[in-house]
Amino acid sequence: MSDETIAIVGAGIVGLAIGREITLRRPGTKVVILEKEAEVAQHQTGHNSGVVHAGIYYTPGSLKAELCTRGRLLLREYCADRGIAYDECGKLVVAVCPDELGRLDNLEKRARENGVPGLRRVDPAGIREIEPHAAGLAALHSPETAITDFPGVAKAFAQDVIAAGGEVRTNFAVDRLTPAGSRIEIASGERRLLADQVIVCAGIHSDTVAQLAGDAAAPRIIPFRGEYMRVKPAKADLVRGMIYPVPDPRYPFLGVHFTRRVTGVVEVGPNAVLATAREGYTRTTFSVRDLAGIAAWPGTWQMARQHWRTGVKEVRGSLSKRRYMAEAMQYVPEIGATDVYRAGAGVRAQALDRDGSLVDDFRIHRLGPVTAVRNAPSPAATSSLAIAEHVVGQIFGQ
């Protein structure tokens, strides 16, 4: 038994998975998860595409590659145990022009090094066999890439924490982290909590919360809005699983793709547009404070100089449904602008270094009794149970 109190800032899927892992490894430890919203899983966890990745994209040997591989297996087992929807509908990563074939070769090599199960390369006939309405020159087929209900998973993690004697405190927006002897005082307005360890999993606000504990400014979180279209029911059956482009290796984004949800709807997206607020889920959401922070970060201007053409293209696609779908129609020509309508959007918490480099791998900082998850974009939801093992192992040496 332990009389420790461990506080976790952020009740997204990663913070909840870490809380659950602590209750399993250290029975009797008081786990308190602090969430600024009224419910769990309200931001990245509740606004993603629901895809359980198999490890195709990630640099071999990176944390992403390692934790995605293990995390997928743990998540599949967890969903089966808890009766949460989990459908291995499979993914095609499709090259539509000759210039992409070399990149597809490199992606195949990377995927095989990462041990992606069942991976195979298919020709145009093979593409049509898997997805009869898709087009392309060649593709990688990952049959065990799956879809699930990540908000449902997160809520199940929260139930596990509570069942083990932990707490999830909502409407608790952390605004101060102060040393108190060997402990840390966490404050939200006039409310206080003393903890022996603090783990920051604050997603889009991970940099600002970590800095409350004295962490470095880098990397800064830059918000990118990802907008989705939804295919009208009349054509939803044209997509059986997932159809993705070959990603541009310069960016951590995967490009606009077709994804079937566990509910049966088919979505197209997301794109990647620089958001005008950290929680900028719409084009009209605007925060002077957030924009000032983005503008003040030297890496922002370095990134803009390197990638402004891509940024302009993304904005044009955001403003015009026709432009947005012109790109998607390369993969499924029968689904055009009149066959979709605008759906929701998510905001990706993308870490950016001072030199303008988009941080690709997971990044975790340790500051004495404070551990800060500073970069955990996709495939963090897939990897959440493995990230939890990794973080708790680092803190407690188990």
# chains A, B, ... in the order shown; residues from 1 in each chain; ligands from 1
>>> closest_atom_pairs(of="range 202-311 of chain A", to="range 357-364 of chain A", cutoff="10 Å", atoms="only C-alpha atoms", output="JSON lines")
{"residue": "A:Pro219", "atom": "CA", "partner": "A:Val359", "partner_atom": "CA", "distance": 7.9}
{"residue": "A:Arg220", "atom": "CA", "partner": "A:Val359", "partner_atom": "CA", "distance": 9.7}
{"residue": "A:Ile221", "atom": "CA", "partner": "A:Val359", "partner_atom": "CA", "distance": 9.8}
{"residue": "A:Ile222", "atom": "CA", "partner": "A:Leu358", "partner_atom": "CA", "distance": 9.5}
{"residue": "A:Arg250", "atom": "CA", "partner": "A:Leu358", "partner_atom": "CA", "distance": 8.9}
{"residue": "A:Tyr251", "atom": "CA", "partner": "A:Leu358", "partner_atom": "CA", "distance": 7.3}
{"residue": "A:Pro252", "atom": "CA", "partner": "A:Asp360", "partner_atom": "CA", "distance": 6.0}
{"residue": "A:Phe253", "atom": "CA", "partner": "A:Asp360", "partner_atom": "CA", "distance": 9.6}
{"residue": "A:Gly299", "atom": "CA", "partner": "A:Ser357", "partner_atom": "CA", "distance": 7.2}
{"residue": "A:Thr300", "atom": "CA", "partner": "A:Ser357", "partner_atom": "CA", "distance": 9.2}
{"residue": "A:Gln302", "atom": "CA", "partner": "A:Ser357", "partner_atom": "CA", "distance": 8.1}
{"residue": "A:Met303", "atom": "CA", "partner": "A:Ser357", "partner_atom": "CA", "distance": 6.9}
{"residue": "A:Gln306", "atom": "CA", "partner": "A:Ser357", "partner_atom": "CA", "distance": 9.7}
>>> residues_around(residues="Pro249 in chain A", least_positions_apart="3", cutoff="10 Å", atoms="only C-alpha atoms", output="number ranges by chain")
A: 57, 103, 106-107, 246, 252-254
>>> write_last_selection(atoms="C-alpha atoms", output="CSV table (one decimal), in the first residue's frame")
chain,number,residue,atom,x,y,z
A,57,TYR,CA,4.4,5.8,-40.8
A,103,ARG,CA,7.7,7.5,-51.4
A,106,ASN,CA,10.1,4.1,-48.6
A,107,LEU,CA,6.9,3.8,-46.6
A,246,VAL,CA,1.0,8.6,-49.5
A,252,PRO,CA,3.6,14.9,-39.6
A,253,PHE,CA,0.1,15.2,-41.1
A,254,LEU,CA,-1.2,12.3,-43.1
>>> residues_around(residues="Gly166 in chain A", least_positions_apart="3", cutoff="12 Å", atoms="only C-alpha atoms", output="VMD selection string")
chain A and resid 4 to 8 16 18 to 24 26 to 34 157 to 163 169
>>> write_last_selection(atoms="N, CA, C and O atoms", output="short mmCIF file (atom, residue, chain, number, x, y, z; two decimals), in the first residue's frame")
data_model
loop_
_atom_site.label_atom_id
_atom_site.label_comp_id
_atom_site.auth_asym_id
_atom_site.auth_seq_id
_atom_site.Cartn_x
_atom_site.Cartn_y
_atom_site.Cartn_z
N GLU A 4 0.94 7.87 -1.19
CA GLU A 4 1.25 8.92 -2.15
C GLU A 4 -0.01 9.47 -2.79
O GLU A 4 -1.00 8.76 -2.95
N THR A 5 0.07 10.74 -3.18
CA THR A 5 -0.96 11.34 -4.03
C THR A 5 -0.29 11.72 -5.35
O THR A 5 0.73 12.42 -5.36
N ILE A 6 -0.86 11.24 -6.43
CA ILE A 6 -0.35 11.57 -7.76
C ILE A 6 -1.46 12.28 -8.51
O ILE A 6 -2.58 11.76 -8.65
N ALA A 7 -1.15 13.49 -8.98
CA ALA A 7 -2.11 14.29 -9.73
C ALA A 7 -1.76 14.26 -11.20
O ALA A 7 -0.59 14.34 -11.57
N ILE A 8 -2.76 14.12 -12.03
CA ILE A 8 -2.60 14.14 -13.48
C ILE A 8 -3.41 15.29 -14.02
O ILE A 8 -4.61 15.40 -13.75
N LEU A 16 -5.89 9.79 -18.75
CA LEU A 16 -6.72 8.76 -18.12
C LEU A 16 -6.03 7.40 -18.15
O LEU A 16 -6.10 6.63 -17.17
N ILE A 18 -2.81 6.88 -18.11
CA ILE A 18 -1.73 6.92 -17.12
C ILE A 18 -2.31 6.75 -15.71
O ILE A 18 -1.76 6.01 -14.89
N GLY A 19 -3.42 7.43 -15.43
CA GLY A 19 -4.05 7.25 -14.12
C GLY A 19 -4.44 5.81 -13.88
O GLY A 19 -4.21 5.27 -12.79
N ARG A 20 -5.01 5.17 -14.88
CA ARG A 20 -5.39 3.76 -14.76
C ARG A 20 -4.17 2.88 -14.51
O ARG A 20 -4.19 1.98 -13.67
N GLU A 21 -3.08 3.15 -15.22
CA GLU A 21 -1.87 2.33 -15.07
C GLU A 21 -1.30 2.46 -13.66
O GLU A 21 -0.83 1.47 -13.08
N ILE A 22 -1.35 3.65 -13.09
CA ILE A 22 -0.85 3.84 -11.72
C ILE A 22 -1.68 3.03 -10.73
O ILE A 22 -1.14 2.39 -9.82
N THR A 23 -3.00 3.03 -10.91
CA THR A 23 -3.84 2.26 -9.98
C THR A 23 -3.56 0.77 -10.08
O THR A 23 -3.69 0.05 -9.08
N LEU A 24 -3.17 0.30 -11.26
CA LEU A 24 -2.84 -1.12 -11.43
C LEU A 24 -1.49 -1.47 -10.82
O LEU A 24 -1.34 -2.53 -10.20
N ARG A 26 0.39 0.44 -8.61
CA ARG A 26 0.65 0.92 -7.25
C ARG A 26 -0.67 1.01 -6.47
O ARG A 26 -1.16 2.12 -6.19
N PRO A 27 -1.26 -0.12 -6.15
CA PRO A 27 -2.54 -0.11 -5.43
C PRO A 27 -2.43 0.69 -4.14
O PRO A 27 -1.42 0.63 -3.43
N GLY A 28 -3.46 1.47 -3.85
CA GLY A 28 -3.47 2.29 -2.65
C GLY A 28 -3.00 3.71 -2.89
O GLY A 28 -3.24 4.59 -2.05
N THR A 29 -2.30 3.95 -4.01
CA THR A 29 -1.90 5.31 -4.34
C THR A 29 -3.14 6.13 -4.66
O THR A 29 -4.05 5.66 -5.37
N LYS A 30 -3.19 7.34 -4.15
CA LYS A 30 -4.32 8.23 -4.45
C LYS A 30 -4.06 8.91 -5.78
O LYS A 30 -3.11 9.69 -5.91
N VAL A 31 -4.87 8.59 -6.76
CA VAL A 31 -4.74 9.18 -8.10
C VAL A 31 -5.87 10.19 -8.29
O VAL A 31 -7.05 9.86 -8.13
N VAL A 32 -5.49 11.42 -8.61
CA VAL A 32 -6.47 12.48 -8.84
C VAL A 32 -6.22 13.06 -10.23
O VAL A 32 -5.15 13.61 -10.49
N ILE A 33 -7.19 12.93 -11.10
CA ILE A 33 -7.08 13.46 -12.47
C ILE A 33 -7.87 14.76 -12.53
O ILE A 33 -9.06 14.81 -12.17
N LEU A 34 -7.21 15.82 -12.97
CA LEU A 34 -7.78 17.16 -12.98
C LEU A 34 -8.10 17.59 -14.40
O LEU A 34 -7.23 17.54 -15.27
N PHE A 157 -11.67 4.17 -19.24
CA PHE A 157 -10.47 4.38 -18.42
C PHE A 157 -10.83 5.16 -17.16
O PHE A 157 -10.36 4.85 -16.05
N ALA A 158 -11.65 6.21 -17.32
CA ALA A 158 -12.06 7.01 -16.16
C ALA A 158 -12.82 6.15 -15.15
O ALA A 158 -12.61 6.26 -13.93
N GLN A 159 -13.69 5.28 -15.64
CA GLN A 159 -14.42 4.38 -14.74
C GLN A 159 -13.47 3.44 -14.00
O GLN A 159 -13.66 3.16 -12.81
N ASP A 160 -12.43 2.98 -14.69
CA ASP A 160 -11.43 2.11 -14.05
C ASP A 160 -10.72 2.84 -12.91
O ASP A 160 -10.48 2.26 -11.84
N VAL A 161 -10.35 4.09 -13.17
CA VAL A 161 -9.66 4.89 -12.15
C VAL A 161 -10.56 5.06 -10.93
O VAL A 161 -10.14 4.86 -9.77
N ILE A 162 -11.81 5.41 -11.15
CA ILE A 162 -12.74 5.64 -10.05
C ILE A 162 -13.01 4.35 -9.29
O ILE A 162 -13.04 4.33 -8.05
N ALA A 163 -13.16 3.25 -10.03
CA ALA A 163 -13.41 1.95 -9.39
C ALA A 163 -12.25 1.53 -8.50
O ALA A 163 -12.43 0.80 -7.52
N ARG A 169 -11.58 14.97 -11.17
CA ARG A 169 -12.17 16.25 -10.78
C ARG A 169 -12.31 17.12 -12.02
O ARG A 169 -11.31 17.55 -12.61
#
>>> closest_residue(among="A:Arg76, A:Gln44, A:Thr148, A:Gly10", to="Ala372 in chain A", atoms="only C-alpha atoms")
A:Gly10
>>> residues_around(residues="Ser383 in chain A", least_positions_apart="4", cutoff="12 Å", atoms="only C-alpha atoms", output="JSON, numbers by chain")
{"A": [13, 14, 17, 18, 51, 52, 53, 54, 55, 63, 64, 65, 66, 67, 68, 69, 70, 71, 72, 73, 74, 75, 76, 150, 362, 376, 377, 378, 379, 387, 388, 389, 390, 391]}
>>> write_last_selection(atoms="N, CA, C and O atoms", output="compact mmCIF listing (two decimals), in the first residue's frame")
# COMPACT_ATOMS: atom_id res chain seq x y z
N ILE A 13 -7.43 10.95 -23.30
CA ILE A 13 -7.20 9.52 -23.25
C ILE A 13 -5.83 9.17 -22.68
O ILE A 13 -5.68 8.15 -21.98
N VAL A 14 -4.80 10.00 -22.91
CA VAL A 14 -3.46 9.71 -22.39
C VAL A 14 -3.42 9.89 -20.88
O VAL A 14 -2.92 9.03 -20.14
N ALA A 17 -5.35 7.08 -19.25
CA ALA A 17 -4.62 5.80 -19.33
C ALA A 17 -3.50 5.75 -18.31
O ALA A 17 -3.26 4.71 -17.68
N ILE A 18 -2.81 6.88 -18.11
CA ILE A 18 -1.73 6.92 -17.12
C ILE A 18 -2.31 6.75 -15.71
O ILE A 18 -1.76 6.01 -14.89
N VAL A 51 -9.17 6.28 -35.71
CA VAL A 51 -8.33 5.25 -36.35
C VAL A 51 -7.33 4.68 -35.35
O VAL A 51 -6.64 5.41 -34.64
N VAL A 52 -7.24 3.36 -35.31
CA VAL A 52 -6.24 2.64 -34.53
C VAL A 52 -5.12 2.28 -35.50
O VAL A 52 -5.26 1.40 -36.34
N HIS A 53 -4.01 2.98 -35.38
CA HIS A 53 -2.91 2.84 -36.35
C HIS A 53 -2.10 1.57 -36.10
O HIS A 53 -1.97 1.12 -34.96
N ALA A 54 -1.54 1.04 -37.19
CA ALA A 54 -0.76 -0.20 -37.10
C ALA A 54 0.74 0.02 -37.12
O ALA A 54 1.50 -0.93 -37.01
N GLY A 55 1.20 1.29 -37.30
CA GLY A 55 2.64 1.56 -37.25
C GLY A 55 3.29 1.77 -38.59
O GLY A 55 4.51 1.65 -38.71
N LEU A 63 9.95 6.44 -30.33
CA LEU A 63 8.91 6.13 -29.35
C LEU A 63 7.57 5.87 -30.03
O LEU A 63 6.83 4.97 -29.64
N LYS A 64 7.27 6.65 -31.07
CA LYS A 64 6.01 6.43 -31.78
C LYS A 64 5.92 5.01 -32.32
O LYS A 64 4.89 4.34 -32.18
N ALA A 65 6.99 4.55 -32.97
CA ALA A 65 6.98 3.21 -33.56
C ALA A 65 6.82 2.15 -32.47
O ALA A 65 6.01 1.22 -32.60
N GLU A 66 7.58 2.29 -31.41
CA GLU A 66 7.56 1.29 -30.33
C GLU A 66 6.22 1.27 -29.62
O GLU A 66 5.63 0.20 -29.41
N LEU A 67 5.72 2.44 -29.25
CA LEU A 67 4.52 2.50 -28.42
C LEU A 67 3.24 2.29 -29.23
O LEU A 67 2.25 1.80 -28.70
N CYS A 68 3.27 2.64 -30.51
CA CYS A 68 2.11 2.37 -31.35
C CYS A 68 1.92 0.86 -31.52
O CYS A 68 0.80 0.35 -31.41
N THR A 69 3.01 0.16 -31.76
CA THR A 69 2.94 -1.30 -31.96
C THR A 69 2.37 -1.99 -30.73
O THR A 69 1.44 -2.80 -30.82
N ARG A 70 2.93 -1.66 -29.57
CA ARG A 70 2.42 -2.29 -28.34
C ARG A 70 1.04 -1.76 -27.98
O ARG A 70 0.17 -2.51 -27.54
N GLY A 71 0.85 -0.47 -28.15
CA GLY A 71 -0.42 0.13 -27.77
C GLY A 71 -1.60 -0.44 -28.53
O GLY A 71 -2.68 -0.63 -27.97
N ARG A 72 -1.42 -0.73 -29.82
CA ARG A 72 -2.51 -1.29 -30.61
C ARG A 72 -2.95 -2.64 -30.05
O ARG A 72 -4.15 -2.92 -29.94
N LEU A 73 -1.98 -3.47 -29.70
CA LEU A 73 -2.32 -4.79 -29.15
C LEU A 73 -3.03 -4.66 -27.80
O LEU A 73 -4.02 -5.36 -27.54
N LEU A 74 -2.54 -3.77 -26.95
CA LEU A 74 -3.18 -3.57 -25.65
C LEU A 74 -4.59 -3.02 -25.81
O LEU A 74 -5.52 -3.43 -25.10
N LEU A 75 -4.75 -2.08 -26.76
CA LEU A 75 -6.05 -1.46 -26.97
C LEU A 75 -7.06 -2.47 -27.52
O LEU A 75 -8.22 -2.49 -27.10
N ARG A 76 -6.62 -3.29 -28.47
CA ARG A 76 -7.51 -4.30 -29.03
C ARG A 76 -8.03 -5.24 -27.94
O ARG A 76 -9.22 -5.56 -27.87
N PHE A 150 -12.85 6.20 -29.50
CA PHE A 150 -11.89 6.67 -28.52
C PHE A 150 -12.52 7.42 -27.34
O PHE A 150 -12.08 7.24 -26.20
N PHE A 362 6.92 11.47 -30.00
CA PHE A 362 6.45 11.81 -28.66
C PHE A 362 7.60 12.44 -27.89
O PHE A 362 8.76 12.04 -28.04
N ALA A 376 2.27 14.76 -27.86
CA ALA A 376 1.62 13.45 -27.99
C ALA A 376 0.49 13.54 -29.00
O ALA A 376 -0.68 13.37 -28.67
N PRO A 377 0.84 13.82 -30.28
CA PRO A 377 -0.18 13.81 -31.32
C PRO A 377 -0.43 12.37 -31.78
O PRO A 377 0.06 11.42 -31.18
N SER A 378 -1.16 12.21 -32.87
CA SER A 378 -1.38 10.88 -33.43
C SER A 378 -0.05 10.17 -33.63
O SER A 378 0.92 10.79 -34.08
N PRO A 379 0.08 8.90 -33.21
CA PRO A 379 -0.96 7.96 -32.79
C PRO A 379 -1.10 7.83 -31.28
O PRO A 379 -1.11 6.72 -30.75
N ILE A 387 1.83 4.25 -23.83
CA ILE A 387 2.39 5.50 -23.29
C ILE A 387 2.29 5.47 -21.77
O ILE A 387 3.23 5.86 -21.05
N ALA A 388 1.16 5.00 -21.27
CA ALA A 388 0.97 4.92 -19.81
C ALA A 388 2.03 4.02 -19.18
O ALA A 388 2.63 4.37 -18.15
N GLU A 389 2.26 2.84 -19.76
CA GLU A 389 3.31 1.95 -19.25
C GLU A 389 4.66 2.65 -19.25
O GLU A 389 5.43 2.57 -18.28
N HIS A 390 4.96 3.35 -20.35
CA HIS A 390 6.26 4.01 -20.50
C HIS A 390 6.45 5.12 -19.46
O HIS A 390 7.49 5.18 -18.80
N VAL A 391 5.45 5.98 -19.32
CA VAL A 391 5.56 7.11 -18.40
C VAL A 391 5.65 6.63 -16.95
O VAL A 391 6.51 7.07 -16.17
>>> atom_distance(atom1="CA of Tyr78 in chain A", atom2="CA of Gly15 in chain A")
16.6 Å
>>> residues_around(residues="Lys232 in chain A", least_positions_apart="2", cutoff="10 Å", atoms="only C-alpha atoms", output="list in words")
Met229, Arg230, Ala234, Lys235, Ala236, Asp237, Val265, Val266, Glu267, Ile335, Thr338, Asp339, Val340 and Tyr341 of chain A
>>> residues_around(residues="Val93 in chain A", least_positions_apart="3", cutoff="8 Å", atoms="only C-alpha atoms", output="list in words")
Ala139, Leu140, His141, Ile243, Tyr244, Pro245 and Val246 of chain A
>>> closest_atom_pairs(of="range 194-261 of chain A", to="range 324-328 of chain A", cutoff="8 Å", atoms="only C-alpha atoms", output="CSV")
residue,atom,partner,partner_atom,distance
A:Val256,CA,A:Ala328,CA,6.6
A:His257,CA,A:Ala328,CA,6.8
A:Phe258,CA,A:Ala328,CA,8.0
>>> write_last_selection(atoms="N, CA and C atoms", output="PDB file, in the first residue's frame")
ATOM      1  N   VAL A 256      -5.531  14.393 -46.463  1.00  0.00           N
ATOM      2  CA  VAL A 256      -6.971  14.138 -46.467  1.00  0.00           C
ATOM      3  C   VAL A 256      -7.233  12.702 -46.893  1.00  0.00           C
ATOM      4  N   HIS A 257      -8.056  11.989 -46.133  1.00  0.00           N
ATOM      5  CA  HIS A 257      -8.319  10.579 -46.399  1.00  0.00           C
ATOM      6  C   HIS A 257      -9.775  10.235 -46.110  1.00  0.00           C
ATOM      7  N   PHE A 258     -10.187   9.069 -46.584  1.00  0.00           N
ATOM      8  CA  PHE A 258     -11.531   8.543 -46.343  1.00  0.00           C
ATOM      9  C   PHE A 258     -11.466   7.554 -45.177  1.00  0.00           C
TER      10      PHE A 258
END
>>> residues_around(residues="range 126-136 of chain A", least_positions_apart="3", cutoff="8 Å", atoms="only C-alpha atoms", output="NGL selection string")
:A and (92 or 94-97 or 122-123 or 139 or 238-241 or 243 or 330-334)
